[in-house]
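Chemist: File entry24.txt follows (compact mmCIF, C-alpha atoms):
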# COMPACT_ATOMS: atom_id res chain seq x y z
CA MET A 30 -2.75 25.78 1.14
CA THR A 31 -2.85 25.05 4.82
CA LYS A 32 -2.95 21.53 6.12
CA ASP A 33 -6.63 21.82 7.05
CA GLU A 34 -7.63 23.28 3.68
CA THR A 35 -5.78 20.51 1.91
CA LEU A 36 -7.54 17.73 3.77
CA LEU A 37 -10.95 19.31 3.23
CA ALA A 38 -10.36 19.81 -0.50
CA TYR A 39 -9.09 16.27 -0.90
CA VAL A 40 -11.97 14.64 0.97
CA LEU A 41 -14.51 16.70 -1.00
CA ARG A 42 -13.01 15.50 -4.26
CA LEU A 43 -13.36 11.91 -3.17
CA GLY A 44 -16.97 12.59 -2.23
CA ASP A 45 -17.69 14.31 -5.56
CA ASN A 46 -16.22 11.42 -7.56
CA ALA A 47 -18.32 8.90 -5.65
CA LEU A 48 -21.53 10.94 -5.83
CA ILE A 49 -21.34 11.82 -9.52
CA LEU A 50 -20.55 8.29 -10.68
CA GLY A 51 -23.18 6.90 -8.32
CA GLN A 52 -25.76 9.33 -9.71
CA ARG A 53 -24.88 8.34 -13.29
CA MET A 54 -25.38 4.67 -12.42
CA ILE A 55 -28.67 5.43 -10.70
CA GLU A 56 -29.96 7.01 -13.93
CA VAL A 57 -30.25 3.56 -15.52
CA VAL A 58 -31.89 1.83 -12.57
CA THR A 59 -35.01 -0.08 -13.76
CA THR A 60 -33.82 -0.15 -17.41
CA TYR A 61 -31.83 -3.40 -17.45
CA PRO A 62 -33.08 -6.28 -19.57
CA GLU A 63 -31.87 -8.81 -16.99
CA LEU A 64 -32.97 -8.70 -13.37
CA GLU A 65 -29.64 -9.97 -12.03
CA GLU A 66 -27.61 -7.21 -13.69
CA GLU A 67 -30.23 -4.67 -12.71
CA LEU A 68 -29.69 -5.59 -9.07
CA ALA A 69 -25.92 -5.56 -9.51
CA ASN A 70 -25.95 -2.03 -10.93
CA ALA A 71 -28.22 -0.76 -8.18
CA ASN A 72 -26.04 -2.37 -5.51
CA LEU A 73 -22.87 -0.90 -6.95
CA ALA A 74 -24.47 2.53 -7.37
CA LEU A 75 -25.56 2.46 -3.75
CA ASP A 76 -22.02 1.57 -2.70
CA TYR A 77 -20.96 4.85 -4.29
CA ILE A 78 -23.73 6.85 -2.64
CA GLY A 79 -22.71 5.30 0.68
CA GLN A 80 -19.09 6.28 0.11
CA ALA A 81 -20.12 9.81 -0.86
CA ARG A 82 -22.03 10.10 2.42
CA LEU A 83 -18.97 9.07 4.43
CA PHE A 84 -16.72 11.53 2.59
CA TYR A 85 -19.22 14.40 2.78
CA THR A 86 -20.02 13.87 6.43
CA TYR A 87 -16.32 13.97 7.19
CA ALA A 88 -15.79 17.00 4.91
CA GLY A 89 -18.65 18.84 6.65
CA LYS A 90 -17.02 18.18 10.00
CA LEU A 91 -13.63 19.38 8.75
CA GLU A 92 -15.18 22.51 7.24
CA GLY A 93 -16.97 23.41 10.46
CA LYS A 94 -19.66 25.50 8.78
CA ASN A 95 -22.51 23.28 9.79
CA ARG A 96 -22.89 21.82 6.31
CA GLY A 97 -23.86 18.17 6.40
CA GLU A 98 -23.80 15.55 3.68
CA ASP A 99 -27.07 16.79 2.15
CA ALA A 100 -25.92 20.41 1.91
CA LEU A 101 -22.69 19.36 0.22
CA ALA A 102 -24.44 17.06 -2.23
CA PHE A 103 -27.55 19.04 -3.05
CA LEU A 104 -26.83 22.70 -2.41
CA ARG A 105 -23.56 23.28 -4.24
CA ASP A 106 -23.49 24.46 -7.85
CA GLY A 107 -21.74 22.66 -10.70
CA GLY A 108 -18.60 24.78 -10.57
CA GLU A 109 -18.05 23.77 -6.96
CA PHE A 110 -17.85 20.07 -7.81
CA ARG A 111 -14.37 18.65 -8.23
CA ASN A 112 -15.14 15.25 -9.73
CA LEU A 113 -13.20 13.81 -12.66
CA LEU A 114 -14.58 14.59 -16.12
CA LEU A 115 -14.72 10.86 -16.91
CA LEU A 116 -17.43 10.29 -14.30
CA GLU A 117 -19.86 12.94 -15.51
CA GLN A 118 -19.90 11.71 -19.12
CA PRO A 119 -23.32 10.44 -20.26
CA ASN A 120 -23.93 6.74 -19.78
CA GLY A 121 -24.11 5.64 -23.41
CA HIS A 122 -24.68 1.89 -23.72
CA PHE A 123 -23.90 -0.89 -21.27
CA GLY A 124 -20.39 -1.42 -22.71
CA ASP A 125 -19.68 2.28 -22.27
CA MET A 126 -20.64 2.08 -18.62
CA MET A 127 -18.50 -0.98 -17.99
CA ALA A 128 -15.55 0.64 -19.78
CA ARG A 129 -15.89 3.83 -17.74
CA GLN A 130 -16.17 1.91 -14.49
CA VAL A 131 -13.16 -0.29 -15.18
CA LEU A 132 -10.98 2.68 -16.22
CA PHE A 133 -11.97 4.67 -13.14
CA GLU A 134 -12.06 1.85 -10.61
CA SER A 135 -8.64 0.57 -11.68
CA PHE A 136 -7.43 4.00 -10.55
CA TYR A 137 -9.76 4.45 -7.59
CA LEU A 138 -8.81 1.15 -5.99
CA LEU A 139 -5.11 2.05 -6.14
CA GLN A 140 -5.93 5.48 -4.73
CA LEU A 141 -7.90 3.95 -1.85
CA GLU A 142 -5.19 1.41 -1.11
CA ALA A 143 -2.70 4.26 -0.86
CA LEU A 144 -5.11 6.22 1.36
CA GLU A 145 -5.31 3.28 3.75
CA GLN A 146 -1.71 4.19 4.64
CA CYS A 147 -2.16 7.96 4.82
CA ASP A 148 -1.60 10.01 7.96
CA ASP A 149 -5.23 10.95 8.52
CA SER A 150 -6.73 8.08 10.47
CA GLN A 151 -10.38 8.83 9.72
CA LEU A 152 -9.81 9.02 5.98
CA ALA A 153 -7.74 5.85 6.18
CA GLU A 154 -10.64 4.06 7.85
CA ILE A 155 -13.09 5.16 5.16
CA ALA A 156 -10.60 4.02 2.53
CA VAL A 157 -10.38 0.52 4.04
CA ARG A 158 -14.13 0.16 3.85
CA ALA A 159 -14.46 1.63 0.36
CA ALA A 160 -11.61 -0.46 -1.05
CA LYS A 161 -13.45 -3.66 -0.13
CA GLU A 162 -16.43 -2.52 -2.18
CA ILE A 163 -14.39 -1.33 -5.14
CA ARG A 164 -12.44 -4.59 -5.30
CA TYR A 165 -15.72 -6.31 -6.04
CA HIS A 166 -16.83 -3.59 -8.50
CA LEU A 167 -13.63 -4.02 -10.46
CA ARG A 168 -13.97 -7.78 -10.54
CA HIS A 169 -17.51 -7.40 -11.85
CA GLY A 170 -16.68 -4.74 -14.45
CA ALA A 171 -13.51 -6.45 -15.67
CA GLN A 172 -15.40 -9.66 -16.24
CA TRP A 173 -17.93 -7.80 -18.35
CA LEU A 174 -15.20 -6.13 -20.35
CA VAL A 175 -13.70 -9.53 -21.11
CA ARG A 176 -17.11 -10.97 -22.00
CA LEU A 177 -17.87 -8.10 -24.38
CA GLY A 178 -14.37 -7.67 -25.80
CA ASP A 179 -13.85 -11.38 -26.33
CA GLY A 180 -17.49 -11.89 -27.34
CA THR A 181 -19.00 -11.31 -30.76
CA ASP A 182 -17.57 -9.08 -33.49
CA THR A 183 -20.23 -6.50 -32.69
CA SER A 184 -19.65 -6.47 -28.93
CA HIS A 185 -15.89 -6.33 -29.48
CA ALA A 186 -16.14 -3.37 -31.86
CA ARG A 187 -18.55 -1.47 -29.62
CA VAL A 188 -16.61 -1.88 -26.39
CA GLN A 189 -13.33 -1.10 -28.15
CA GLN A 190 -14.97 2.17 -29.18
CA SER A 191 -16.01 2.77 -25.56
CA ILE A 192 -12.43 2.37 -24.35
CA THR A 193 -11.13 4.61 -27.12
CA ASP A 194 -13.75 7.30 -26.45
CA TYR A 195 -13.10 7.43 -22.70
CA TRP A 196 -9.33 7.23 -22.91
CA GLN A 197 -8.97 11.00 -23.26
CA TYR A 198 -10.52 11.38 -19.79
CA THR A 199 -8.05 9.09 -18.02
CA GLY A 200 -5.07 11.45 -18.07
CA GLU A 201 -6.66 13.79 -15.54
CA MET A 202 -6.60 11.12 -12.85
CA PHE A 203 -2.80 11.05 -12.74
CA VAL A 204 -1.86 14.71 -13.04
CA ALA A 205 -1.03 15.89 -9.54
CA ASP A 206 -2.31 19.43 -9.02
CA ASN A 207 -1.71 21.63 -5.99
CA VAL A 208 -4.22 19.72 -3.85
CA ASP A 209 -2.73 16.32 -4.72
CA GLN A 210 0.76 17.62 -4.08
CA ALA A 211 -0.12 19.24 -0.78
CA PHE A 212 -2.01 16.15 0.33
CA ALA A 213 0.96 13.93 -0.52
CA GLU A 214 3.22 16.25 1.44
CA PHE A 215 1.10 16.84 4.55
CA PHE A 216 -0.55 13.42 4.86
CA ALA A 217 1.73 10.98 3.03
CA GLY A 218 -0.96 10.77 0.35
CA PRO A 219 -0.92 8.77 -2.88
CA ASP A 220 1.98 9.08 -5.30
CA LEU A 221 0.08 9.57 -8.56
CA GLU A 222 3.06 8.72 -10.74
CA ALA A 223 3.46 5.34 -9.11
CA ILE A 224 -0.30 4.80 -9.32
CA HIS A 225 -0.25 5.68 -13.02
CA GLN A 226 2.38 3.04 -13.71
CA GLN A 227 0.52 0.37 -11.77
CA TRP A 228 -2.76 1.42 -13.41
CA GLN A 229 -1.29 0.92 -16.86
CA VAL A 230 -0.11 -2.56 -15.94
CA ASN A 231 -3.48 -3.52 -14.43
CA VAL A 232 -5.58 -2.04 -17.22
CA ALA A 233 -3.32 -3.58 -19.87
CA ALA A 234 -3.89 -7.01 -18.30
CA ILE A 235 -7.68 -6.59 -18.39
CA LEU A 236 -7.69 -5.24 -21.95
CA ASP A 237 -5.37 -8.02 -23.04
CA GLU A 238 -7.67 -10.69 -21.69
CA ALA A 239 -10.57 -8.87 -23.34
CA THR A 240 -8.65 -8.85 -26.68
CA LEU A 241 -9.00 -5.05 -26.70
CA THR A 242 -6.33 -2.59 -27.79
CA MET A 243 -5.05 0.00 -25.34
CA PRO A 244 -5.25 3.44 -26.97
CA GLY A 245 -2.17 5.63 -27.08
CA ASP A 246 -1.79 8.55 -24.67
CA GLU A 247 -2.55 11.45 -26.96
CA TRP A 248 -4.44 14.61 -26.03
CA MET A 249 -6.02 14.37 -22.61
CA ALA A 250 -8.98 16.38 -21.33
CA SER A 251 -8.71 17.92 -17.89
CA GLY A 252 -10.44 20.45 -15.68
CA GLY A 253 -12.73 18.43 -13.44
CA LYS A 254 -10.40 18.74 -10.47
CA ARG A 255 -10.47 22.55 -10.90
CA GLY A 256 -14.24 22.70 -11.28
CA ARG A 257 -14.13 23.24 -15.04
CA HIS A 258 -16.62 20.68 -16.26
CA SER A 259 -18.17 19.49 -19.50
CA GLU A 260 -21.71 20.64 -20.25
CA HIS A 261 -23.01 17.25 -19.12
CA LEU A 262 -22.50 17.93 -15.41
CA GLY A 263 -25.07 20.73 -15.36
CA TYR A 264 -27.90 18.44 -16.47
CA LEU A 265 -26.88 15.74 -14.05
CA ILE A 266 -26.83 18.18 -11.16
CA ALA A 267 -30.11 19.81 -12.14
CA GLU A 268 -31.85 16.45 -11.96
CA MET A 269 -30.03 15.31 -8.83
CA GLN A 270 -30.65 18.52 -6.90
CA PHE A 271 -34.15 19.31 -8.13
CA LEU A 272 -35.97 18.11 -5.06
CA GLN A 273 -33.83 19.94 -2.52
CA ARG A 274 -33.88 23.10 -4.61
CA ALA A 275 -37.65 23.05 -5.15
CA TYR A 276 -38.50 21.96 -1.61
CA PRO A 277 -35.65 23.15 0.62
CA GLY A 278 -35.12 20.93 3.62
CA ALA A 279 -37.54 18.30 2.33
CA ASN A 280 -37.31 15.14 4.35
CA TRP A 281 -38.99 11.74 4.61
CA MET B 16 -35.39 -9.97 -32.10
CA THR B 17 -36.05 -13.03 -30.00
CA HIS B 18 -34.84 -12.88 -26.45
CA LYS B 19 -32.67 -15.83 -25.57
CA GLU B 20 -32.72 -16.54 -21.85
CA TRP B 21 -29.44 -17.07 -20.07
CA PRO B 22 -29.07 -20.50 -18.44
CA LEU B 23 -30.57 -21.01 -15.01
CA TYR B 24 -28.33 -21.56 -11.98
CA GLU B 25 -29.28 -22.74 -8.52
CA VAL B 26 -27.79 -20.80 -5.61
CA PHE B 27 -26.65 -22.31 -2.31
CA ILE B 28 -25.54 -20.22 0.65
CA ARG B 29 -23.59 -21.14 3.76
CA SER B 30 -24.79 -18.69 6.36
CA LYS B 31 -21.97 -19.29 8.83
CA ALA B 32 -19.04 -21.57 9.48
CA GLY B 33 -20.10 -25.04 10.57
CA LEU B 34 -23.47 -24.99 8.83
CA SER B 35 -24.05 -26.58 5.47
CA HIS B 36 -24.93 -24.75 2.27
CA ARG B 37 -28.66 -24.34 1.82
CA HIS B 38 -30.62 -23.75 -1.33
CA ALA B 39 -31.56 -20.07 -1.54
CA GLY B 40 -33.11 -19.74 -5.00
CA SER B 41 -32.04 -19.41 -8.58
CA ILE B 42 -30.68 -16.81 -10.99
CA HIS B 43 -29.96 -16.50 -14.70
CA ALA B 44 -26.41 -15.99 -15.92
CA ALA B 45 -24.40 -16.45 -19.10
CA ASP B 46 -21.43 -18.12 -17.42
CA ASP B 47 -20.20 -19.43 -14.09
CA GLN B 48 -18.48 -16.25 -12.92
CA MET B 49 -21.50 -14.15 -13.82
CA ALA B 50 -23.64 -16.62 -11.89
CA LEU B 51 -21.47 -16.18 -8.80
CA ASP B 52 -21.69 -12.38 -9.06
CA ALA B 53 -25.43 -12.46 -9.65
CA ALA B 54 -25.90 -14.77 -6.66
CA ARG B 55 -23.85 -12.41 -4.51
CA ASP B 56 -25.84 -9.38 -5.63
CA THR B 57 -29.21 -11.08 -5.39
CA TYR B 58 -28.98 -13.24 -2.29
CA THR B 59 -26.29 -11.88 0.04
CA ARG B 60 -27.13 -8.18 0.16
CA ARG B 61 -28.10 -8.40 3.82
CA SER B 62 -25.15 -10.45 5.07
CA GLU B 63 -26.90 -13.75 4.49
CA GLY B 64 -23.76 -15.72 3.88
CA ILE B 65 -20.04 -16.37 4.00
CA SER B 66 -19.84 -18.84 1.14
CA LEU B 67 -21.72 -19.34 -2.12
CA TRP B 68 -22.19 -22.27 -4.44
CA VAL B 69 -23.81 -21.96 -7.83
CA VAL B 70 -24.58 -24.85 -10.11
CA ARG B 71 -26.31 -25.04 -13.46
CA SER B 72 -29.85 -26.20 -12.87
CA SER B 73 -29.50 -28.55 -15.83
CA GLU B 74 -26.66 -30.34 -14.00
CA ILE B 75 -28.89 -31.33 -11.12
CA VAL B 76 -30.21 -34.88 -11.27
CA ALA B 77 -33.63 -34.86 -9.65
CA SER B 78 -36.01 -37.58 -8.61
CA ASP B 79 -39.05 -38.00 -10.79
CA PRO B 80 -42.36 -36.91 -9.20
CA ALA B 81 -44.03 -39.85 -10.96
CA GLU B 82 -41.82 -42.21 -8.98
CA THR B 83 -42.68 -40.73 -5.61
CA SER B 84 -44.55 -43.82 -4.49
CA ALA B 85 -41.66 -46.15 -5.31
CA PHE B 86 -39.05 -43.79 -3.94
CA PHE B 87 -40.45 -42.51 -0.70
CA GLU B 88 -43.58 -44.33 0.40
CA PRO B 89 -41.85 -47.58 1.46
CA ALA B 90 -40.20 -45.61 4.27
CA GLU B 91 -43.48 -44.43 5.71
CA ASP B 92 -44.38 -47.63 7.60
CA LYS B 93 -40.90 -48.27 8.94
CA ILE B 94 -41.25 -46.42 12.17
CA TYR B 95 -38.41 -48.44 13.73
CA ARG B 96 -36.01 -46.33 11.68
CA HIS B 97 -36.80 -43.34 13.86
CA PRO B 98 -34.88 -43.24 17.12
CA THR B 99 -38.04 -43.02 19.17
CA PHE B 100 -37.77 -46.33 21.03
CA TYR B 101 -35.03 -45.34 23.41
CA GLU B 102 -35.65 -44.29 26.95
CA ILE B 103 -33.63 -41.23 27.76
CA PRO B 104 -31.82 -41.81 31.04
CA ASP B 105 -32.54 -39.36 33.82
CA GLY B 106 -30.05 -36.56 34.11
CA VAL B 107 -29.11 -36.39 30.42
CA GLU B 108 -29.66 -32.82 29.40
CA ASN B 109 -28.20 -32.69 25.93
CA LEU B 110 -29.05 -35.47 23.54
Can the structure from this file be put into structure tokens for me?
Modeler:
Amino acid sequence: MTKDETLLAYVLRLGDNALILGQRMIEVVTTYPELEEELANANLALDYIGQARLFYTYAGKLEGKNRGEDALAFLRDGGEFRNLLLLEQPNGHFGDMMARQVLFESFYLLQLEALEQCDDSQLAEIAVRAAKEIRYHLRHGAQWLVRLGDGTDTSHARVQQSITDYWQYTGEMFVADNVDQAFAEFFAGPDLEAIHQQWQVNVAAILDEATLTMPGDEWMASGGKRGRHSEHLGYLIAEMQFLQRAYPGANW
Amino acid sequence: MTHKEWPLYEVFIRSKAGLSHRHAGSIHAADDQMALDAARDTYTRRSEGISLWVVRSSEIVASDPAETSAFFEPAEDKIYRHPTFYEIPDGVENL
């Protein structure tokens, strides 16, 4: 991979992660039983959409094929997305969503903090901005995990199941593939091994406070970074892209 | 299943350094930290503040509307408590 290809691929991945998780969170907008948490979810989802826009706009510029944020979000097929498998999984219940967000954001925040120091100044600037948002997300999600884990017997059992179910999707975050390796080499990008170690410490602290048990690292699913997705992504993308596909160039 | 409401909290926002916190509204939350998060997400989405206070509504001691006459009306005829009897000297611009 050339230096330019590496940067483009890496920025697109960041955009795909943000867009797919944001879209998942948007699916439950208007369904919350409490207005305050409804607003919180919508705010946090919009943070992700905002981050996706920054990454895609930058990726479009790097690519130089006149594809803007909308083309990258709405006119690529499922196999072209490089988001983590964890983020495309169906929402499940509220505890599932909080578990998924805490597992991902504990990684994402470390990734962004490493990117703040990378050799590409524009990406570093986006990372500074995104990290501020994710620090709050993680605070919010971790509190919920503690409330549910250390709550009633039912909430404890359900959220423990959420953590256990999603654990198999966490391994993919830390396996450096050719893009991660090239990005680390060309741009002083994140060291995923170091991030993995720190992630385990941070997640263990949250789970401990939540009286939840950390699952063992057994078989891990992977493929999202290569564009090999679970069947769930297709449905998500069909809904997300419907409008642009049915009415190309639609605007308001 | 009956729906049990979370406790009510009152939200106070300081909009910028030097100003005091002002009452912005109220939110429901199960605990103090959730109240702070809910206040942030409900009342500071458009950069309304740099500091937040939340307090359980039940902790606020309020005056009784039935006692309004005893509490507040005696002040109404004491106009000498307003600083309106001073002559402002010529040339004072900021008072």
Chemist: Calculated over all atoms listed in the file, which of the candidates A:Leu116, A:Leu177, A:Leu43, A:Leu139 has the smallest distance to chain B?
Modeler: A:Leu177
Chemist: Per residue of chain A within 9 Å of chain B, note the shortest atom pair and the distance in Å to one decimal, counting only C-alpha atoms, and order the rows by chain and increasing residue number, as CSV.
Modeler:
residue,atom,partner,partner_atom,distance
A:Glu63,CA,B:His43,CA,8.2
A:Leu64,CA,B:His43,CA,8.5
A:Glu65,CA,B:Ala53,CA,5.4
A:Glu66,CA,B:Ala53,CA,7.0
A:Leu68,CA,B:Asp56,CA,6.4
A:Ala69,CA,B:Asp56,CA,5.4
A:Asn72,CA,B:Asp56,CA,7.0
A:His169,CA,B:Asp52,CA,7.1
A:Gln172,CA,B:Met49,CA,8.0
A:Trp173,CA,B:Met49,CA,8.6
Chemist: Within 7 Å of Ser135 of chain A, counting all atoms listed in the file, which residues qualify if same-chain residues fewer than 5 places away don't, as a ChimeraX atom specification?
Modeler: /A:167,228,232
Chemist: At most 7 Å is the cut-off: for each residue in segment 58-162 of chain A with any atom that close to an atom of segment 252-268 of chain A, write down the nearest atom pair and the distance in Å rounded to one decimal, counting only C-alpha atoms, chain first then increasing number, as a Markdown table.
Modeler:
| residue | atom | partner | partner_atom | distance |
| --- | --- | --- | --- | --- |
| A:Gly107 | CA | A:Gly263 | CA | 6.0 |
| A:Gly108 | CA | A:Gly256 | CA | 4.9 |
| A:Glu109 | CA | A:Gly256 | CA | 5.9 |
| A:Phe110 | CA | A:Gly256 | CA | 5.7 |
| A:Arg111 | CA | A:Lys254 | CA | 4.6 |
| A:Asn112 | CA | A:Gly253 | CA | 5.4 |
| A:Leu113 | CA | A:Gly253 | CA | 4.7 |
| A:Leu114 | CA | A:Gly253 | CA | 5.0 |
| A:Glu117 | CA | A:Leu262 | CA | 5.6 |
| A:Gln118 | CA | A:His261 | CA | 6.4 |
| A:Pro119 | CA | A:His261 | CA | 6.9 |
Chemist: Please return the centre and edge lengths, in Å to one decimal, of a box with edges along x, y and z that contains all listed atoms of segment 91-99 of chain B, widened by 6 Å on every side, as JSON.
Modeler:
{"center_x": -39.6, "center_y": -45.7, "center_z": 12.4, "size_x": 21.5, "size_y": 17.4, "size_z": 25.5}
Chemist: Expressed in Å to a single decimal, how great is the separation between atom CA of Ser72 of chain B and atom CA of Pro22 of chain B?
Modeler: 8.0 Å
Chemist: Dig up all the protein and nucleic acid residues within 10 Å of (-21.6, 5.1, -20.0) in the file frame, using all atoms listed in the file, and format them as a compact mmCIF listing (two decimals) with C-alpha atoms, in the frame of the given file.
Modeler:
# COMPACT_ATOMS: atom_id res chain seq x y z
CA LEU A 50 -20.55 8.29 -10.68
CA ARG A 53 -24.88 8.34 -13.29
CA MET A 54 -25.38 4.67 -12.42
CA VAL A 57 -30.25 3.56 -15.52
CA LEU A 115 -14.72 10.86 -16.91
CA LEU A 116 -17.43 10.29 -14.30
CA GLU A 117 -19.86 12.94 -15.51
CA GLN A 118 -19.90 11.71 -19.12
CA PRO A 119 -23.32 10.44 -20.26
CA ASN A 120 -23.93 6.74 -19.78
CA GLY A 121 -24.11 5.64 -23.41
CA HIS A 122 -24.68 1.89 -23.72
CA PHE A 123 -23.90 -0.89 -21.27
CA GLY A 124 -20.39 -1.42 -22.71
CA ASP A 125 -19.68 2.28 -22.27
CA MET A 126 -20.64 2.08 -18.62
CA MET A 127 -18.50 -0.98 -17.99
CA ALA A 128 -15.55 0.64 -19.78
CA ARG A 129 -15.89 3.83 -17.74
CA GLN A 130 -16.17 1.91 -14.49
CA SER A 191 -16.01 2.77 -25.56
CA TYR A 195 -13.10 7.43 -22.70
Chemist: Set the distance at 7 Å and use all atoms listed in the file: which residues neighbour His38 of chain B once local chain neighbours fewer than 3 positions away are removed? I'd like the list as a PyMOL selection string.
Modeler: chain B and resi 26-28
Chemist: May I have the residues within 6 Å of Arg71 of chain B as a PDB file with C-alpha atoms, in the frame of the given file, using all atoms listed in the file and disregarding those fewer than 2 positions away in the same chain?
Modeler:
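So selection.pdb came out as:
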ATOM      1  CA  TYR B  24     -28.330 -21.560 -11.980  1.00  0.00           C
ATOM      2  CA  SER B  73     -29.500 -28.550 -15.830  1.00  0.00           C
ATOM      3  CA  GLU B  74     -26.660 -30.340 -14.000  1.00  0.00           C
TER       4      GLU B  74
END
Chemist: Would you compute the distance between atom CA of Ala100 of chain A and atom CA of Leu75 of chain A? Give it in Å to one decimal.
Modeler: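 Taking atom CA of Ala100 of chain A as the start and atom CA of Leu75 of chain A as the end point, the length is 18.8 Å.
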